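Down below is the structure, laid out as structure tokens.
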Amino acid sequence: METAVNYFAVFGGLEVKLDMGKPLRSLVIRHILDQYETIQEKISKITNNNAPYHKLLTAIALGDRRTNSSFKRADLEYNEGMQLIYELEELEIIKTETSMDHLTNQFEENESADKLLFTTPFLRFWFAFVSPVYRGVKRGEYDESFERFNNYQNEFMDLVFEQLCHEYIKEVFSDDEIDEIGRYWDEKSEIDLLAQTMNGKIIIGSCKYTNKKLKSAEINRLKELCEELEIVPDYVVLFSKSGFTNELKNEKGEGLKLFTVKSLKALIS
């Protein structure tokens, strides 16, 4: 299942049939890098091969996704950057994500910038690891692309895992339908998952795609954040790639739900 998640992070949104028995590197070469000219032509038609678009998209793909830091990374003035965002949203390449301040009692104090999301994982992969090194890719030299990917893979996977967890929670709470779901962030802290059901139940959660088991300390961190933000959660949900310590498993109950990467099978099978 971990393999499926990794492959979705790269190929999600790209209409290709994958041989899941092949290594990721081989599939990237076959379906993306060797097909550079064809894919680039399609993307160029969408973006009109607009250099500022590509510069900003790469900044979003490799940064913390916040508007202000993306503009800085792309060397853009604020007004210029915002105009590009509006245009890229119209082209359905990215969408804007706002911190869910309204589910806390801190919304008047939170001045953190919005974040930006690619509409498909593949577009993010392309602008992070292919487009910036296109000269070498066109020559059939792929090492630089893979080097960039290897250096950034953990951060790249974290977001995709979070997005899948958000979708899965909608299934978990299908009886009490999720009314809204997203993330909370400010200048000091972040919550990976924050949601409210149609009946007003509050759900908070963490989604960790690491090689270490999640510990009870994560519950304590979330509790402290909830106190600071004056959130009273009805449910805490934890997603972990590598499972949970026995101590944390012993805390599992109606108000605490634990999920592993295997739980996401229904979403990407």
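Chain labels run A, B, ... following the order of the structure tokens; each chain numbers its residues from 1, and ligands are numbered from 1 in the order shown.
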
(request) Apply DSSP to the backbone of this structure and, from stretch 1-201 of chain A, keep only the residues in strand (DSSP E); write these as a ChimeraX atom specification. (result) /A:94-97,115-118,178-185,190-197

Selection to disk with N, CA and C atoms, as a tab-separated table (two decimals), in the first residue's frame:
```tsv
chain	number	residue	atom	x	y	z
A	94	ILE	N	-3.80	25.49	-10.05
A	94	ILE	CA	-3.68	25.58	-8.61
A	94	ILE	C	-4.99	26.06	-8.01
A	95	LYS	N	-5.08	25.94	-6.70
A	95	LYS	CA	-6.21	26.52	-5.96
A	95	LYS	C	-5.67	27.05	-4.64
A	96	THR	N	-6.38	28.01	-4.09
A	96	THR	CA	-5.95	28.65	-2.84
A	96	THR	C	-6.58	27.97	-1.64
A	97	GLU	N	-5.76	27.77	-0.61
A	97	GLU	CA	-6.23	27.16	0.62
A	97	GLU	C	-6.06	28.18	1.76
A	115	LYS	N	-2.29	29.44	1.60
A	115	LYS	CA	-1.40	28.48	0.96
A	115	LYS	C	-1.97	28.09	-0.40
A	116	LEU	N	-1.12	27.47	-1.20
A	116	LEU	CA	-1.49	27.14	-2.57
A	116	LEU	C	-1.34	25.65	-2.82
A	117	LEU	N	-2.32	25.07	-3.49
A	117	LEU	CA	-2.33	23.65	-3.78
A	117	LEU	C	-2.41	23.41	-5.27
A	118	PHE	N	-1.65	22.45	-5.78
A	118	PHE	CA	-1.82	22.01	-7.16
A	118	PHE	C	-3.09	21.16	-7.26
A	178	ILE	N	-19.15	15.08	6.65
A	178	ILE	CA	-18.21	16.19	6.85
A	178	ILE	C	-18.74	17.42	6.12
A	179	ASP	N	-18.88	18.50	6.84
A	179	ASP	CA	-19.35	19.75	6.25
A	179	ASP	C	-18.21	20.53	5.64
A	180	GLU	N	-17.08	20.57	6.34
A	180	GLU	CA	-15.90	21.26	5.82
A	180	GLU	C	-14.66	20.64	6.43
A	181	ILE	N	-13.58	20.65	5.65
A	181	ILE	CA	-12.33	20.03	6.10
A	181	ILE	C	-11.16	20.79	5.50
A	182	GLY	N	-10.09	20.89	6.26
A	182	GLY	CA	-8.90	21.58	5.78
A	182	GLY	C	-7.79	21.50	6.81
A	183	ARG	N	-7.02	22.58	6.93
A	183	ARG	CA	-5.91	22.64	7.87
A	183	ARG	C	-5.95	23.98	8.61
A	184	TYR	N	-5.26	24.02	9.73
A	184	TYR	CA	-5.07	25.28	10.43
A	184	TYR	C	-3.58	25.56	10.53
A	185	TRP	N	-3.21	26.81	10.35
A	185	TRP	CA	-1.82	27.21	10.58
A	185	TRP	C	-1.78	28.68	10.99
A	190	GLU	N	0.82	24.36	13.40
A	190	GLU	CA	-0.04	23.85	12.34
A	190	GLU	C	-0.82	22.64	12.83
A	191	ILE	N	-2.00	22.46	12.28
A	191	ILE	CA	-2.80	21.26	12.48
A	191	ILE	C	-3.05	20.66	11.10
A	192	ASP	N	-2.63	19.41	10.92
A	192	ASP	CA	-2.70	18.78	9.59
A	192	ASP	C	-4.13	18.59	9.10
A	193	LEU	N	-5.04	18.37	10.03
A	193	LEU	CA	-6.42	18.08	9.65
A	193	LEU	C	-7.36	18.71	10.67
A	194	LEU	N	-8.29	19.52	10.17
A	194	LEU	CA	-9.29	20.15	11.00
A	194	LEU	C	-10.60	20.12	10.24
A	195	ALA	N	-11.64	19.55	10.86
A	195	ALA	CA	-12.90	19.37	10.15
A	195	ALA	C	-14.08	19.56	11.08
A	196	GLN	N	-15.23	19.79	10.46
A	196	GLN	CA	-16.48	19.89	11.20
A	196	GLN	C	-17.55	19.10	10.45
A	197	THR	N	-18.32	18.31	11.18
A	197	THR	CA	-19.38	17.53	10.55
A	197	THR	C	-20.66	18.37	10.44
```

(request) Pick out the residues sitting within 12 Å of A:Tyr134, and hand them over as a list in words; count only C-alpha atoms, and ignore anything fewer than 4 positions along from it in its own chain. (result) Ile32, Leu33, Asp34, Gln35, Tyr36, Glu37, Ile39, Gln40, His54, Trp126, Phe127, Ala128, Phe129, Val130, Lys138, Arg139, Gly140, Glu141, Tyr142, Asp143, Glu144 and Ser145 of chain A

Output for the residues just chosen: N, CA and C atoms as a short mmCIF file (atom, residue, chain, number, x, y, z; two decimals), in the first residue's frame:
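For reference, out-v7.cif as written:
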```
data_model
loop_
_atom_site.label_atom_id
_atom_site.label_comp_id
_atom_site.auth_asym_id
_atom_site.auth_seq_id
_atom_site.Cartn_x
_atom_site.Cartn_y
_atom_site.Cartn_z
N ILE A 32 7.26 9.69 -17.88
CA ILE A 32 7.38 11.14 -17.73
C ILE A 32 8.60 11.68 -18.46
N LEU A 33 9.79 11.25 -18.06
CA LEU A 33 11.00 11.86 -18.60
C LEU A 33 11.19 11.53 -20.08
N ASP A 34 10.97 10.26 -20.45
CA ASP A 34 11.08 9.90 -21.87
C ASP A 34 9.97 10.54 -22.71
N GLN A 35 8.91 10.96 -22.04
CA GLN A 35 7.77 11.59 -22.73
C GLN A 35 7.77 13.10 -22.55
N TYR A 36 8.94 13.64 -22.25
CA TYR A 36 9.02 15.06 -21.91
C TYR A 36 8.39 15.95 -22.98
N GLU A 37 8.77 15.78 -24.22
CA GLU A 37 8.30 16.66 -25.29
C GLU A 37 6.78 16.64 -25.41
N ILE A 39 4.51 15.72 -23.07
CA ILE A 39 3.86 16.30 -21.88
C ILE A 39 4.06 17.80 -21.85
N GLN A 40 5.27 18.25 -22.17
CA GLN A 40 5.55 19.68 -22.16
C GLN A 40 4.66 20.42 -23.15
N HIS A 54 5.51 29.50 -14.86
CA HIS A 54 6.36 28.35 -14.55
C HIS A 54 7.26 28.65 -13.35
N TRP A 126 5.82 17.62 -11.65
CA TRP A 126 6.40 18.17 -12.87
C TRP A 126 7.13 19.48 -12.60
N PHE A 127 6.46 20.40 -11.89
CA PHE A 127 7.07 21.71 -11.67
C PHE A 127 8.11 21.71 -10.56
N ALA A 128 8.16 20.63 -9.78
CA ALA A 128 9.20 20.52 -8.76
C ALA A 128 10.47 19.87 -9.31
N PHE A 129 10.30 18.83 -10.12
CA PHE A 129 11.45 17.98 -10.45
C PHE A 129 11.75 17.81 -11.94
N VAL A 130 10.89 18.31 -12.79
CA VAL A 130 11.13 18.17 -14.23
C VAL A 130 11.33 19.52 -14.90
N LYS A 138 15.67 17.16 -21.65
CA LYS A 138 15.55 17.14 -23.12
C LYS A 138 16.71 16.40 -23.77
N ARG A 139 17.87 16.44 -23.12
CA ARG A 139 19.05 15.74 -23.65
C ARG A 139 19.09 14.28 -23.20
N GLY A 140 18.10 13.87 -22.45
CA GLY A 140 18.09 12.50 -21.95
C GLY A 140 18.94 12.30 -20.71
N GLU A 141 19.28 13.41 -20.03
CA GLU A 141 20.09 13.35 -18.82
C GLU A 141 19.16 13.53 -17.62
N TYR A 142 18.93 12.47 -16.88
CA TYR A 142 17.90 12.47 -15.85
C TYR A 142 18.42 12.52 -14.41
N ASP A 143 19.72 12.46 -14.23
CA ASP A 143 20.26 12.36 -12.87
C ASP A 143 19.88 13.56 -12.01
N GLU A 144 19.92 14.75 -12.58
CA GLU A 144 19.61 15.94 -11.80
C GLU A 144 18.17 15.93 -11.32
N SER A 145 17.27 15.47 -12.17
CA SER A 145 15.86 15.37 -11.80
C SER A 145 15.68 14.43 -10.61
#
```

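Interatomic distance, atom CA of A:Ser242 to atom CA of A:Glu2: 9.8 Å.
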
(message) Nearest residue to A:Ala266 out of A:Glu167, A:Asp158, A:Glu224, A:Leu229, using only C-alpha atoms?
(response)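 Ranking A:Glu167, A:Asp158, A:Glu224, A:Leu229 by distance to A:Ala266, first place goes to A:Glu167.
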
Going by DSSP on the backbone, which residues of stretch 95-144 of chain A come out as helix (DSSP H, G or I)? List them as a PDB file with C-alpha atoms, in the first residue's frame.
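selection-v1.pdb, freshly written:
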```pdb
ATOM      1  CA  ASP A 101      -9.456  30.066  11.519  1.00  0.00           C
ATOM      2  CA  HIS A 102     -13.243  30.168  11.853  1.00  0.00           C
ATOM      3  CA  LEU A 103     -13.201  26.854  13.756  1.00  0.00           C
ATOM      4  CA  PRO A 121      -0.091  15.524  -7.688  1.00  0.00           C
ATOM      5  CA  PHE A 122       1.478  15.075 -11.115  1.00  0.00           C
ATOM      6  CA  LEU A 123       1.518  18.804 -11.870  1.00  0.00           C
ATOM      7  CA  ARG A 124       3.310  19.398  -8.589  1.00  0.00           C
ATOM      8  CA  PHE A 125       5.859  16.686  -9.412  1.00  0.00           C
ATOM      9  CA  TRP A 126       6.402  18.167 -12.875  1.00  0.00           C
ATOM     10  CA  PHE A 127       7.066  21.713 -11.667  1.00  0.00           C
ATOM     11  CA  ALA A 128       9.204  20.517  -8.765  1.00  0.00           C
ATOM     12  CA  PHE A 129      11.447  17.981 -10.446  1.00  0.00           C
ATOM     13  CA  SER A 131      10.441  21.698 -15.420  1.00  0.00           C
ATOM     14  CA  PRO A 132      13.328  23.345 -13.489  1.00  0.00           C
ATOM     15  CA  VAL A 133      15.885  20.979 -15.093  1.00  0.00           C
ATOM     16  CA  TYR A 134      14.263  20.703 -18.512  1.00  0.00           C
ATOM     17  CA  ARG A 135      17.477  21.303 -20.443  1.00  0.00           C
ATOM     18  CA  GLY A 136      19.062  18.128 -19.129  1.00  0.00           C
ATOM     19  CA  VAL A 137      15.825  16.159 -19.459  1.00  0.00           C
ATOM     20  CA  LYS A 138      15.546  17.141 -23.118  1.00  0.00           C
ATOM     21  CA  ASP A 143      20.265  12.359 -12.873  1.00  0.00           C
ATOM     22  CA  GLU A 144      19.609  15.944 -11.796  1.00  0.00           C
TER      23      GLU A 144
END
```

(request) Tell me which protein, DNA and RNA residues are within 9 Å of A:Met157, counting only C-alpha atoms, leaving out same-chain ones fewer than 4 positions away, and put them as a PyMOL selection string. (result) chain A and resi 5-6+9+152-153+161-162+209

Same residues, C-alpha atoms, saved as an mmCIF file, in the first residue's frame:
```cif
data_model
loop_
_atom_site.group_PDB
_atom_site.id
_atom_site.type_symbol
_atom_site.label_atom_id
_atom_site.label_comp_id
_atom_site.auth_asym_id
_atom_site.auth_seq_id
_atom_site.Cartn_x
_atom_site.Cartn_y
_atom_site.Cartn_z
ATOM 1 C CA VAL A 5 0.713 6.004 -2.207
ATOM 2 C CA ASN A 6 4.211 6.794 -3.487
ATOM 3 C CA ALA A 9 2.109 11.161 -5.410
ATOM 4 C CA TYR A 152 12.931 16.582 -1.336
ATOM 5 C CA GLN A 153 10.966 13.319 -1.335
ATOM 6 C CA PHE A 161 -0.404 11.803 2.385
ATOM 7 C CA GLU A 162 -2.310 14.575 4.144
ATOM 8 C CA TYR A 209 4.436 10.014 6.655
#
```

(request) Give me the residues within 10 Å of A:Arg73 as a PyMOL selection string, counting only C-alpha atoms and dropping any in the same chain fewer than 6 places off. (result) chain A and resi 55-56+58-60+62-63+67
